[in-house]
$ cat run12.cif   # mmCIF, C-alpha atoms and all ligand atoms
data_input
#
loop_
_atom_site.label_atom_id
_atom_site.label_comp_id
_atom_site.auth_asym_id
_atom_site.auth_seq_id
_atom_site.Cartn_x
_atom_site.Cartn_y
_atom_site.Cartn_z
CA MET W 7 0.00 0.00 0.00
CA PHE W 8 1.04 3.56 -0.68
CA LEU W 9 1.31 4.48 2.98
CA LYS W 10 3.79 1.78 3.92
CA GLY W 11 7.50 2.39 3.98
CA HIS W 12 9.75 4.76 5.83
CA PRO W 13 8.51 8.27 6.64
CA LEU W 14 10.17 10.90 4.49
CA ILE W 15 12.17 13.46 6.40
CA LYS W 16 11.96 17.06 5.13
CA ASN W 17 14.68 19.66 5.41
CA ASN W 18 14.03 23.26 6.46
CA LYS W 19 13.72 24.45 2.88
CA GLU W 20 11.05 21.86 2.16
CA ILE W 21 9.20 22.69 5.37
CA GLU W 22 9.22 26.36 4.34
CA ILE W 23 7.61 25.47 0.99
CA LEU W 24 5.07 23.29 2.78
CA ARG W 25 4.32 26.20 5.10
CA ARG W 26 3.65 28.49 2.14
CA ALA W 27 1.51 25.84 0.45
CA ASN W 28 -0.58 25.41 3.57
CA ALA W 29 -0.87 29.16 4.16
CA ILE W 30 -2.37 29.65 0.69
CA LEU W 31 -4.63 26.66 1.22
CA MET W 32 -5.91 28.03 4.53
CA GLU W 33 -6.63 31.43 3.01
CA ILE W 34 -8.87 29.68 0.47
CA LEU W 35 -10.46 27.42 3.08
CA LEU W 36 -11.29 30.38 5.33
CA THR W 37 -12.81 32.32 2.44
CA ILE W 38 -15.03 29.31 1.79
CA LYS W 39 -15.93 29.06 5.48
CA GLU W 40 -17.00 32.72 5.50
CA ALA W 41 -19.43 31.98 2.66
CA VAL W 42 -21.33 29.35 4.65
CA LYS W 43 -24.98 30.30 5.15
CA PRO W 44 -28.40 28.76 4.63
CA GLY W 45 -29.47 28.56 0.98
CA VAL W 46 -26.02 28.04 -0.56
CA SER W 47 -25.48 24.86 -2.61
CA THR W 48 -22.39 22.79 -1.89
CA PHE W 49 -21.42 23.20 -5.54
CA GLU W 50 -21.02 26.96 -5.06
CA PHE W 51 -18.07 26.23 -2.75
CA GLU W 52 -16.50 24.12 -5.49
CA GLU W 53 -16.82 27.02 -7.92
CA MET W 54 -15.32 29.43 -5.39
CA THR W 55 -12.45 27.03 -4.76
CA ASN W 56 -11.57 26.73 -8.43
CA GLU W 57 -11.67 30.51 -8.91
CA LEU W 58 -9.48 31.10 -5.86
CA CYS W 59 -6.97 28.47 -7.01
CA GLU W 60 -6.72 30.17 -10.40
CA ARG W 61 -6.30 33.58 -8.82
CA LYS W 62 -3.57 32.33 -6.49
CA LYS W 63 -1.97 30.18 -9.19
CA VAL W 64 -2.10 26.95 -7.22
CA ILE W 65 -3.32 23.54 -8.33
CA PRO W 66 -6.16 21.85 -6.45
CA ALA W 67 -4.74 18.53 -5.28
CA PHE W 68 -7.84 16.36 -5.02
CA LYS W 69 -9.15 16.84 -8.56
CA GLY W 70 -8.10 13.71 -10.44
CA TYR W 71 -6.74 12.05 -7.33
CA ARG W 72 -7.77 8.40 -7.73
CA GLY W 73 -10.44 9.69 -10.09
CA TYR W 74 -12.04 12.17 -7.65
CA PRO W 75 -13.68 14.77 -9.91
CA TYR W 76 -13.66 17.94 -7.74
CA ALA W 77 -11.27 20.36 -6.08
CA LEU W 78 -13.12 20.29 -2.77
CA CYS W 79 -14.77 17.71 -0.54
CA VAL W 80 -17.94 19.04 1.13
CA SER W 81 -19.54 16.72 3.66
CA VAL W 82 -22.83 17.67 5.33
CA ASN W 83 -24.24 16.26 8.61
CA GLU W 84 -23.98 12.43 8.50
CA GLU W 85 -21.48 12.66 5.64
CA VAL W 86 -18.05 12.09 7.19
CA VAL W 87 -15.58 12.77 4.38
CA HIS W 88 -15.29 12.84 0.59
CA GLY W 89 -18.71 14.42 0.06
CA MET W 90 -18.98 15.53 -3.56
CA PRO W 91 -20.12 19.12 -4.23
CA ARG W 92 -23.66 19.07 -5.65
CA LYS W 93 -25.87 21.78 -7.15
CA GLU W 94 -28.97 20.25 -5.55
CA LYS W 95 -27.45 19.96 -2.07
CA ILE W 96 -28.56 23.19 -0.37
CA LEU W 97 -27.28 24.09 3.10
CA LYS W 98 -29.94 24.81 5.70
CA GLU W 99 -29.90 26.32 9.17
CA GLY W 100 -28.73 23.76 11.73
CA ASP W 101 -26.58 21.71 9.33
CA ILE W 102 -22.91 21.12 9.97
CA VAL W 103 -20.58 21.12 7.00
CA SER W 104 -17.02 19.86 6.65
CA PHE W 105 -14.63 21.15 4.00
CA ASP W 106 -11.54 19.16 3.11
CA PHE W 107 -9.12 20.77 0.68
CA GLY W 108 -5.65 20.22 -0.72
CA ILE W 109 -3.35 22.08 -3.11
CA VAL W 110 -0.07 21.56 -4.86
CA TYR W 111 2.40 24.43 -4.68
CA GLU W 112 5.97 24.24 -6.03
CA GLY W 113 5.68 20.45 -6.07
CA TYR W 114 4.54 20.10 -2.46
CA PHE W 115 1.12 19.30 -1.06
CA GLY W 116 -0.94 21.16 1.50
CA ASP W 117 -3.92 19.45 3.14
CA ALA W 118 -6.37 20.74 5.75
CA ALA W 119 -10.00 20.43 6.77
CA LEU W 120 -12.48 22.15 9.03
CA SER W 121 -16.12 21.81 10.03
CA VAL W 122 -18.56 24.62 10.72
CA GLY W 123 -22.20 25.08 11.66
CA VAL W 124 -24.76 26.65 9.33
CA GLY W 125 -26.52 29.40 11.31
CA SER W 126 -27.47 28.22 14.77
CA ILE W 127 -26.91 24.53 15.44
CA SER W 128 -27.98 22.05 18.13
CA PRO W 129 -26.02 21.73 21.39
CA LEU W 130 -25.01 18.23 20.25
CA ALA W 131 -23.63 19.54 16.94
CA GLU W 132 -21.85 22.33 18.80
CA ARG W 133 -20.26 19.82 21.18
CA LEU W 134 -19.23 17.55 18.30
CA LEU W 135 -17.43 20.39 16.48
CA LYS W 136 -15.70 21.58 19.65
CA THR W 137 -14.63 18.06 20.64
CA THR W 138 -13.25 17.19 17.20
CA GLU W 139 -11.26 20.43 16.99
CA GLU W 140 -9.92 20.02 20.51
CA ALA W 141 -8.96 16.42 19.73
CA LEU W 142 -6.94 17.71 16.76
CA TYR W 143 -5.04 20.23 18.91
CA LEU W 144 -4.38 17.66 21.65
CA ALA W 145 -3.04 15.28 18.99
CA ILE W 146 -0.82 18.00 17.47
CA GLU W 147 0.69 18.54 20.95
CA LYS W 148 1.88 14.92 20.83
CA ALA W 149 3.66 15.36 17.48
CA ARG W 150 7.02 15.68 19.22
CA ILE W 151 10.41 14.06 18.70
CA GLY W 152 10.67 10.92 20.82
CA ASN W 153 6.93 10.24 20.84
CA LYS W 154 5.26 7.56 18.75
CA ILE W 155 2.39 7.85 16.31
CA GLY W 156 0.33 5.90 18.85
CA ASP W 157 0.62 8.87 21.22
CA VAL W 158 -0.97 11.12 18.59
CA SER W 159 -3.68 8.55 17.85
CA HIS W 160 -4.45 7.96 21.50
CA ALA W 161 -4.80 11.68 22.21
CA VAL W 162 -7.59 11.91 19.63
CA GLN W 163 -9.38 8.79 20.84
CA LYS W 164 -9.21 9.76 24.50
CA ARG W 165 -10.67 13.23 23.99
CA VAL W 166 -13.41 11.94 21.68
CA GLU W 167 -14.51 9.00 23.81
CA LYS W 168 -14.57 11.12 26.97
CA GLU W 169 -17.44 12.94 25.30
CA GLY W 170 -19.27 9.71 24.40
CA PHE W 171 -18.44 10.17 20.72
CA ASN W 172 -16.53 7.75 18.47
CA VAL W 173 -13.58 8.10 16.11
CA ILE W 174 -13.97 6.90 12.54
CA ARG W 175 -11.63 3.99 11.92
CA ASP W 176 -11.84 3.52 8.18
CA PHE W 177 -9.87 6.68 7.36
CA VAL W 178 -6.55 7.85 8.73
CA GLY W 179 -4.20 10.81 8.78
CA HIS W 180 -0.91 10.58 6.90
CA GLY W 181 2.50 11.96 6.15
CA ILE W 182 2.52 14.66 3.47
CA GLY W 183 5.12 16.24 1.21
CA LYS W 184 5.81 15.63 -2.47
CA ALA W 185 2.84 13.26 -2.33
CA LEU W 186 -0.57 13.87 -0.77
CA HIS W 187 -0.35 10.62 1.16
CA GLU W 188 2.99 9.46 2.51
CA PRO W 189 3.88 7.15 5.38
CA PRO W 190 3.17 6.97 8.24
CA GLU W 191 -0.55 6.29 8.57
CA ILE W 192 -2.03 8.13 11.54
CA PRO W 193 -5.12 6.35 12.90
CA ASN W 194 -7.39 8.31 15.22
CA TYR W 195 -7.35 5.52 17.78
CA GLY W 196 -4.50 3.61 19.35
CA LYS W 197 -2.26 3.01 22.30
CA PRO W 198 0.42 5.37 23.65
CA GLY W 199 3.96 4.26 22.90
CA ARG W 200 2.97 2.19 19.86
CA GLY W 201 3.64 2.67 16.17
CA PRO W 202 6.37 4.52 14.24
CA LYS W 203 8.74 6.85 16.05
CA ILE W 204 8.16 10.56 15.52
CA GLU W 205 11.28 12.22 14.17
CA ALA W 206 12.44 15.74 13.33
CA GLY W 207 11.50 16.69 9.78
CA MET W 208 8.37 14.59 9.60
CA VAL W 209 5.35 16.43 8.24
CA LEU W 210 2.06 14.94 9.37
CA ALA W 211 -1.50 15.56 8.24
CA ILE W 212 -3.43 14.82 11.42
CA GLU W 213 -7.15 14.54 10.82
CA PRO W 214 -9.66 13.39 13.41
CA MET W 215 -12.99 12.30 11.93
CA VAL W 216 -15.59 11.89 14.63
CA SER W 217 -19.12 10.49 14.79
CA ALA W 218 -21.67 11.53 17.40
CA GLY W 219 -22.90 7.91 17.18
CA SER W 220 -21.36 4.71 15.88
CA HIS W 221 -17.97 4.70 14.17
CA GLU W 222 -19.25 2.57 11.30
CA VAL W 223 -19.32 4.16 7.86
CA LYS W 224 -20.53 3.17 4.43
CA ILE W 225 -19.78 4.59 1.00
CA LEU W 226 -22.69 5.95 -1.04
CA GLU W 227 -23.43 4.90 -4.62
CA ASP W 228 -21.42 7.84 -5.97
CA GLY W 229 -18.39 5.75 -4.94
CA TRP W 230 -16.98 8.52 -2.71
CA THR W 231 -19.23 9.98 -0.05
CA ALA W 232 -18.58 8.26 3.29
CA VAL W 233 -21.57 8.51 5.67
CA THR W 234 -22.15 7.19 9.18
CA LYS W 235 -24.14 3.96 8.96
CA ASP W 236 -26.49 5.04 11.75
CA GLY W 237 -27.01 8.49 10.23
CA SER W 238 -25.44 10.35 13.15
CA LEU W 239 -23.62 13.65 12.71
CA ALA W 240 -19.90 13.64 11.87
CA ALA W 241 -17.15 16.26 11.98
CA HIS W 242 -13.65 16.52 10.53
CA PHE W 243 -10.72 18.82 11.29
CA GLU W 244 -7.25 18.51 9.76
CA HIS W 245 -3.93 20.35 9.97
CA SER W 246 -0.58 19.67 8.35
CA VAL W 247 2.06 19.77 11.06
CA ALA W 248 5.87 19.82 10.93
CA VAL W 249 7.84 18.05 13.66
CA THR W 250 10.79 20.24 14.68
CA PRO W 251 13.36 20.25 17.51
CA THR W 252 11.37 23.06 19.15
CA GLY W 253 8.06 21.22 18.89
CA PRO W 254 5.20 20.86 16.43
CA ILE W 255 4.55 23.70 13.97
CA ILE W 256 1.08 23.91 12.45
CA LEU W 257 1.83 24.68 8.80
CA SER W 258 -1.84 25.25 8.05
CA ALA W 259 -2.24 27.68 10.97
CA ILE W 260 -4.30 30.77 10.29
N1 LIG A 301 -8.30 15.06 2.06
C1 LIG A 301 -8.18 13.66 2.09
C2 LIG A 301 -7.08 13.39 3.06
O1 LIG A 301 -6.92 14.17 3.91
C3 LIG A 301 -7.95 13.13 0.75
C4 LIG A 301 -9.04 13.43 -0.14
S1 LIG A 301 -9.18 12.19 -1.24
C5 LIG A 301 -9.88 12.90 -2.56
O2 LIG A 301 -6.35 12.46 3.03
F1 LIG A 301 -9.95 12.03 -3.45
F2 LIG A 301 -11.07 13.37 -2.22
F3 LIG A 301 -9.15 13.83 -2.97
CO CO A 302 -5.42 14.44 4.70
#

$ encode --input "run12.cif" --output "structure tokens"
Amino acid sequence: MFLKGHPLIKNNKEIEILRRANAILMEILLTIKEAVKPGVSTFEFEEMTNELCERKKVIPAFKGYRGYPYALCVSVNEEVVHGMPRKEKILKEGDIVSFDFGIVYEGYFGDAALSVGVGSISPLAERLLKTTEEALYLAIEKARIGNKIGDVSHAVQKRVEKEGFNVIRDFVGHGIGKALHEPPEIPNYGKPGRGPKIEAGMVLAIEPMVSAGSHEVKILEDGWTAVTKDGSLAAHFEHSVAVTPTGPIILSAI
């Protein structure tokens, strides 16, 4: 599988390019987030994304990736990841929507995701968003030299399960660099002290995907959209993070 093998170590110059890639990506992602309101179709975000990529002269990374046809993944409510933008999918008050986006810039990939509520949302939805984002930041804290990937994974799982929610197991975070997906795989569940060693120069895309109900997912007939089997709400946050001697640096920070 493409994620097996030794993690690729990046030098400072490469990390600087990855930082620029992720900064541009985040600018686009935040512009999209600002446009979230009831009545907007998920396809409008796809159009915005393509226009912004052209303006900033960056290449959307997902389009064509394993045959995925769009620049952006837009997943609403029970959709976990890989939701395809659709003209007939109209956001309504109370929905939660996750955007996952990647670009290629000077040969290096940026990858990040965030989830946001549409207008006012239920206390449960609010708690799911907060928990998933907090789980991401707790996991990033563990991306330190001398730790293991299991420490990162466990941090996500612990925070999520404390809330009575569940981590999705069918999708994982990953190394990132000259390829969108590099070793190591970063599951959102696991045991401290297990898995590959975290070393200086690793760049990790850490991405908790969390269900308010069961962790089981199924793929819709479009071949992409992953939804929770029990129809419960799901959220997704992702940052690309560099491991450095002074600690983790969030390359996709805002
Ligand atoms: N963003 C996903 C990830 O973080 C990859 C998207 S797959 C695509 O790994 F096909 F939708 F592009
Ligand atoms: Co990713």

$ residues_around --input "run12.cif" --residues "W:Arg133" --least-positions-apart "4" --cutoff "12 Å" --atoms "all atoms listed in the file" --output "mmCIF file with C-alpha atoms, keeping the file's coordinate frame"
data_model
loop_
_atom_site.group_PDB
_atom_site.id
_atom_site.type_symbol
_atom_site.label_atom_id
_atom_site.label_comp_id
_atom_site.auth_asym_id
_atom_site.auth_seq_id
_atom_site.Cartn_x
_atom_site.Cartn_y
_atom_site.Cartn_z
ATOM 1 C CA ILE W 102 -22.910 21.120 9.970
ATOM 2 C CA VAL W 122 -18.560 24.620 10.720
ATOM 3 C CA GLY W 123 -22.200 25.080 11.660
ATOM 4 C CA ILE W 127 -26.910 24.530 15.440
ATOM 5 C CA SER W 128 -27.980 22.050 18.130
ATOM 6 C CA PRO W 129 -26.020 21.730 21.390
ATOM 7 C CA THR W 137 -14.630 18.060 20.640
ATOM 8 C CA THR W 138 -13.250 17.190 17.200
ATOM 9 C CA GLU W 139 -11.260 20.430 16.990
ATOM 10 C CA GLU W 140 -9.920 20.020 20.510
ATOM 11 C CA ALA W 141 -8.960 16.420 19.730
ATOM 12 C CA ARG W 165 -10.670 13.230 23.990
ATOM 13 C CA VAL W 166 -13.410 11.940 21.680
ATOM 14 C CA LYS W 168 -14.570 11.120 26.970
ATOM 15 C CA GLU W 169 -17.440 12.940 25.300
ATOM 16 C CA GLY W 170 -19.270 9.710 24.400
ATOM 17 C CA PHE W 171 -18.440 10.170 20.720
ATOM 18 C CA VAL W 216 -15.590 11.890 14.630
ATOM 19 C CA SER W 217 -19.120 10.490 14.790
ATOM 20 C CA ALA W 218 -21.670 11.530 17.400
ATOM 21 C CA LEU W 239 -23.620 13.650 12.710
ATOM 22 C CA ALA W 240 -19.900 13.640 11.870
ATOM 23 C CA ALA W 241 -17.150 16.260 11.980
#

$ residues_near_ligand --input "run12.cif" --ligand "ligand CO 302 (chain A)" --cutoff "9 Å" --atoms "only C-alpha atoms and all ligand atoms" --output "VMD selection string"
chain W and resid 106 to 108 116 to 119 178 to 182 186 to 187 210 to 213 244 to 246

$ residues_near_ligand --input "run12.cif" --ligand "ligand LIG 301 (chain A)" --cutoff "6 Å" --atoms "only C-alpha atoms and all ligand atoms" --output "PyMOL selection string"
chain W and resi 68+71+74+79+88+106-107

$ write_last_selection --input "run12.cif" --atoms "C-alpha atoms" --output "mmCIF file, in the coordinates of the input"
data_model
loop_
_atom_site.group_PDB
_atom_site.id
_atom_site.type_symbol
_atom_site.label_atom_id
_atom_site.label_comp_id
_atom_site.auth_asym_id
_atom_site.auth_seq_id
_atom_site.Cartn_x
_atom_site.Cartn_y
_atom_site.Cartn_z
ATOM 1 C CA PHE W 68 -7.840 16.360 -5.020
ATOM 2 C CA TYR W 71 -6.740 12.050 -7.330
ATOM 3 C CA TYR W 74 -12.040 12.170 -7.650
ATOM 4 C CA CYS W 79 -14.770 17.710 -0.540
ATOM 5 C CA HIS W 88 -15.290 12.840 0.590
ATOM 6 C CA ASP W 106 -11.540 19.160 3.110
ATOM 7 C CA PHE W 107 -9.120 20.770 0.680
#

$ residues_near_point --input "run12.cif" --point "(-1.5, 23.2, -6.0)" --cutoff "6 Å" --atoms "only C-alpha atoms" --output "ChimeraX atom specification"
/W:64-67,109-111

$ atom_distance --input "run12.cif" --atom1 "atom CA of W:Gly201" --atom2 "atom CA of W:Ile15"
16.9 Å

$ closest_residue --input "run12.cif" --among "W:Glu99, W:Pro189, W:Lys43, W:Gly196" --to "W:Ala145" --atoms "only C-alpha atoms"
W:Gly196

$ build_atoms --input "run12.cif" --residues "stretch 30-41 of chain W" --atoms "all heavy atoms" --output "PDB file, keeping the file's coordinate frame"
ATOM      1  N   ILE W  30      -1.487  29.314   1.812  1.00  0.00           N
ATOM      2  CA  ILE W  30      -2.370  29.650   0.690  1.00  0.00           C
ATOM      3  C   ILE W  30      -3.658  28.827   0.793  1.00  0.00           C
ATOM      4  O   ILE W  30      -4.771  29.333   0.644  1.00  0.00           O
ATOM      5  CB  ILE W  30      -1.661  29.384  -0.667  1.00  0.00           C
ATOM      6  CG1 ILE W  30      -0.430  30.278  -0.802  1.00  0.00           C
ATOM      7  CG2 ILE W  30      -2.632  29.604  -1.833  1.00  0.00           C
ATOM      8  CD1 ILE W  30       0.507  29.890  -1.939  1.00  0.00           C
ATOM      9  N   LEU W  31      -3.483  27.557   1.067  1.00  0.00           N
ATOM     10  CA  LEU W  31      -4.630  26.660   1.220  1.00  0.00           C
ATOM     11  C   LEU W  31      -5.591  27.169   2.287  1.00  0.00           C
ATOM     12  O   LEU W  31      -6.811  27.218   2.091  1.00  0.00           O
ATOM     13  CB  LEU W  31      -4.098  25.275   1.591  1.00  0.00           C
ATOM     14  CG  LEU W  31      -5.085  24.173   1.945  1.00  0.00           C
ATOM     15  CD1 LEU W  31      -4.446  22.838   1.713  1.00  0.00           C
ATOM     16  CD2 LEU W  31      -5.563  24.245   3.363  1.00  0.00           C
ATOM     17  N   MET W  32      -5.048  27.584   3.424  1.00  0.00           N
ATOM     18  CA  MET W  32      -5.910  28.030   4.530  1.00  0.00           C
ATOM     19  C   MET W  32      -6.637  29.319   4.173  1.00  0.00           C
ATOM     20  O   MET W  32      -7.784  29.496   4.569  1.00  0.00           O
ATOM     21  CB  MET W  32      -5.061  28.249   5.792  1.00  0.00           C
ATOM     22  CG  MET W  32      -5.021  27.112   6.753  1.00  0.00           C
ATOM     23  SD  MET W  32      -6.362  25.936   6.756  1.00  0.00           S
ATOM     24  CE  MET W  32      -7.225  26.354   8.243  1.00  0.00           C
ATOM     25  N   GLU W  33      -5.971  30.192   3.447  1.00  0.00           N
ATOM     26  CA  GLU W  33      -6.630  31.430   3.010  1.00  0.00           C
ATOM     27  C   GLU W  33      -7.884  31.078   2.198  1.00  0.00           C
ATOM     28  O   GLU W  33      -8.945  31.683   2.377  1.00  0.00           O
ATOM     29  CB  GLU W  33      -5.681  32.214   2.100  1.00  0.00           C
ATOM     30  CG  GLU W  33      -5.152  33.491   2.699  1.00  0.00           C
ATOM     31  CD  GLU W  33      -4.347  34.243   1.661  1.00  0.00           C
ATOM     32  OE1 GLU W  33      -4.958  34.904   0.812  1.00  0.00           O
ATOM     33  OE2 GLU W  33      -3.099  34.117   1.699  1.00  0.00           O
ATOM     34  N   ILE W  34      -7.737  30.106   1.314  1.00  0.00           N
ATOM     35  CA  ILE W  34      -8.870  29.680   0.470  1.00  0.00           C
ATOM     36  C   ILE W  34      -9.946  29.032   1.335  1.00  0.00           C
ATOM     37  O   ILE W  34     -11.134  29.353   1.235  1.00  0.00           O
ATOM     38  CB  ILE W  34      -8.380  28.739  -0.654  1.00  0.00           C
ATOM     39  CG1 ILE W  34      -7.420  29.487  -1.584  1.00  0.00           C
ATOM     40  CG2 ILE W  34      -9.566  28.147  -1.419  1.00  0.00           C
ATOM     41  CD1 ILE W  34      -6.777  28.636  -2.661  1.00  0.00           C
ATOM     42  N   LEU W  35      -9.518  28.148   2.230  1.00  0.00           N
ATOM     43  CA  LEU W  35     -10.460  27.420   3.080  1.00  0.00           C
ATOM     44  C   LEU W  35     -11.259  28.391   3.970  1.00  0.00           C
ATOM     45  O   LEU W  35     -12.459  28.217   4.174  1.00  0.00           O
ATOM     46  CB  LEU W  35      -9.684  26.410   3.928  1.00  0.00           C
ATOM     47  CG  LEU W  35     -10.397  25.172   4.455  1.00  0.00           C
ATOM     48  CD1 LEU W  35     -11.204  24.476   3.375  1.00  0.00           C
ATOM     49  CD2 LEU W  35      -9.390  24.209   5.068  1.00  0.00           C
ATOM     50  N   LEU W  36     -10.585  29.427   4.459  1.00  0.00           N
ATOM     51  CA  LEU W  36     -11.290  30.380   5.330  1.00  0.00           C
ATOM     52  C   LEU W  36     -12.246  31.258   4.534  1.00  0.00           C
ATOM     53  O   LEU W  36     -13.316  31.622   5.037  1.00  0.00           O
ATOM     54  CB  LEU W  36     -10.284  31.230   6.117  1.00  0.00           C
ATOM     55  CG  LEU W  36      -9.523  30.430   7.176  1.00  0.00           C
ATOM     56  CD1 LEU W  36      -8.494  31.297   7.888  1.00  0.00           C
ATOM     57  CD2 LEU W  36     -10.474  29.808   8.199  1.00  0.00           C
ATOM     58  N   THR W  37     -11.890  31.568   3.300  1.00  0.00           N
ATOM     59  CA  THR W  37     -12.810  32.320   2.440  1.00  0.00           C
ATOM     60  C   THR W  37     -14.078  31.495   2.207  1.00  0.00           C
ATOM     61  O   THR W  37     -15.199  32.023   2.247  1.00  0.00           O
ATOM     62  CB  THR W  37     -12.137  32.643   1.082  1.00  0.00           C
ATOM     63  OG1 THR W  37     -10.883  33.265   1.349  1.00  0.00           O
ATOM     64  CG2 THR W  37     -12.996  33.562   0.231  1.00  0.00           C
ATOM     65  N   ILE W  38     -13.888  30.215   1.996  1.00  0.00           N
ATOM     66  CA  ILE W  38     -15.030  29.310   1.790  1.00  0.00           C
ATOM     67  C   ILE W  38     -15.888  29.253   3.063  1.00  0.00           C
ATOM     68  O   ILE W  38     -17.107  29.353   3.009  1.00  0.00           O
ATOM     69  CB  ILE W  38     -14.513  27.906   1.409  1.00  0.00           C
ATOM     70  CG1 ILE W  38     -13.905  27.955   0.020  1.00  0.00           C
ATOM     71  CG2 ILE W  38     -15.616  26.865   1.479  1.00  0.00           C
ATOM     72  CD1 ILE W  38     -13.013  26.781  -0.285  1.00  0.00           C
ATOM     73  N   LYS W  39     -15.214  29.135   4.190  1.00  0.00           N
ATOM     74  CA  LYS W  39     -15.930  29.060   5.480  1.00  0.00           C
ATOM     75  C   LYS W  39     -16.801  30.300   5.687  1.00  0.00           C
ATOM     76  O   LYS W  39     -17.937  30.203   6.161  1.00  0.00           O
ATOM     77  CB  LYS W  39     -14.897  28.915   6.606  1.00  0.00           C
ATOM     78  CG  LYS W  39     -15.503  28.792   7.976  1.00  0.00           C
ATOM     79  CD  LYS W  39     -14.424  28.762   9.050  1.00  0.00           C
ATOM     80  CE  LYS W  39     -15.040  28.937  10.422  1.00  0.00           C
ATOM     81  NZ  LYS W  39     -14.017  29.053  11.476  1.00  0.00           N
ATOM     82  N   GLU W  40     -16.251  31.452   5.333  1.00  0.00           N
ATOM     83  CA  GLU W  40     -17.000  32.720   5.500  1.00  0.00           C
ATOM     84  C   GLU W  40     -18.269  32.739   4.658  1.00  0.00           C
ATOM     85  O   GLU W  40     -19.213  33.470   4.964  1.00  0.00           O
ATOM     86  CB  GLU W  40     -16.114  33.917   5.088  1.00  0.00           C
ATOM     87  CG  GLU W  40     -14.930  34.168   5.998  1.00  0.00           C
ATOM     88  CD  GLU W  40     -15.331  34.362   7.445  1.00  0.00           C
ATOM     89  OE1 GLU W  40     -16.252  35.162   7.687  1.00  0.00           O
ATOM     90  OE2 GLU W  40     -14.757  33.684   8.323  1.00  0.00           O
ATOM     91  N   ALA W  41     -18.294  31.970   3.587  1.00  0.00           N
ATOM     92  CA  ALA W  41     -19.430  31.980   2.660  1.00  0.00           C
ATOM     93  C   ALA W  41     -20.546  31.021   3.079  1.00  0.00           C
ATOM     94  O   ALA W  41     -21.571  30.923   2.410  1.00  0.00           O
ATOM     95  CB  ALA W  41     -18.949  31.648   1.248  1.00  0.00           C
TER      96      ALA W  41
END
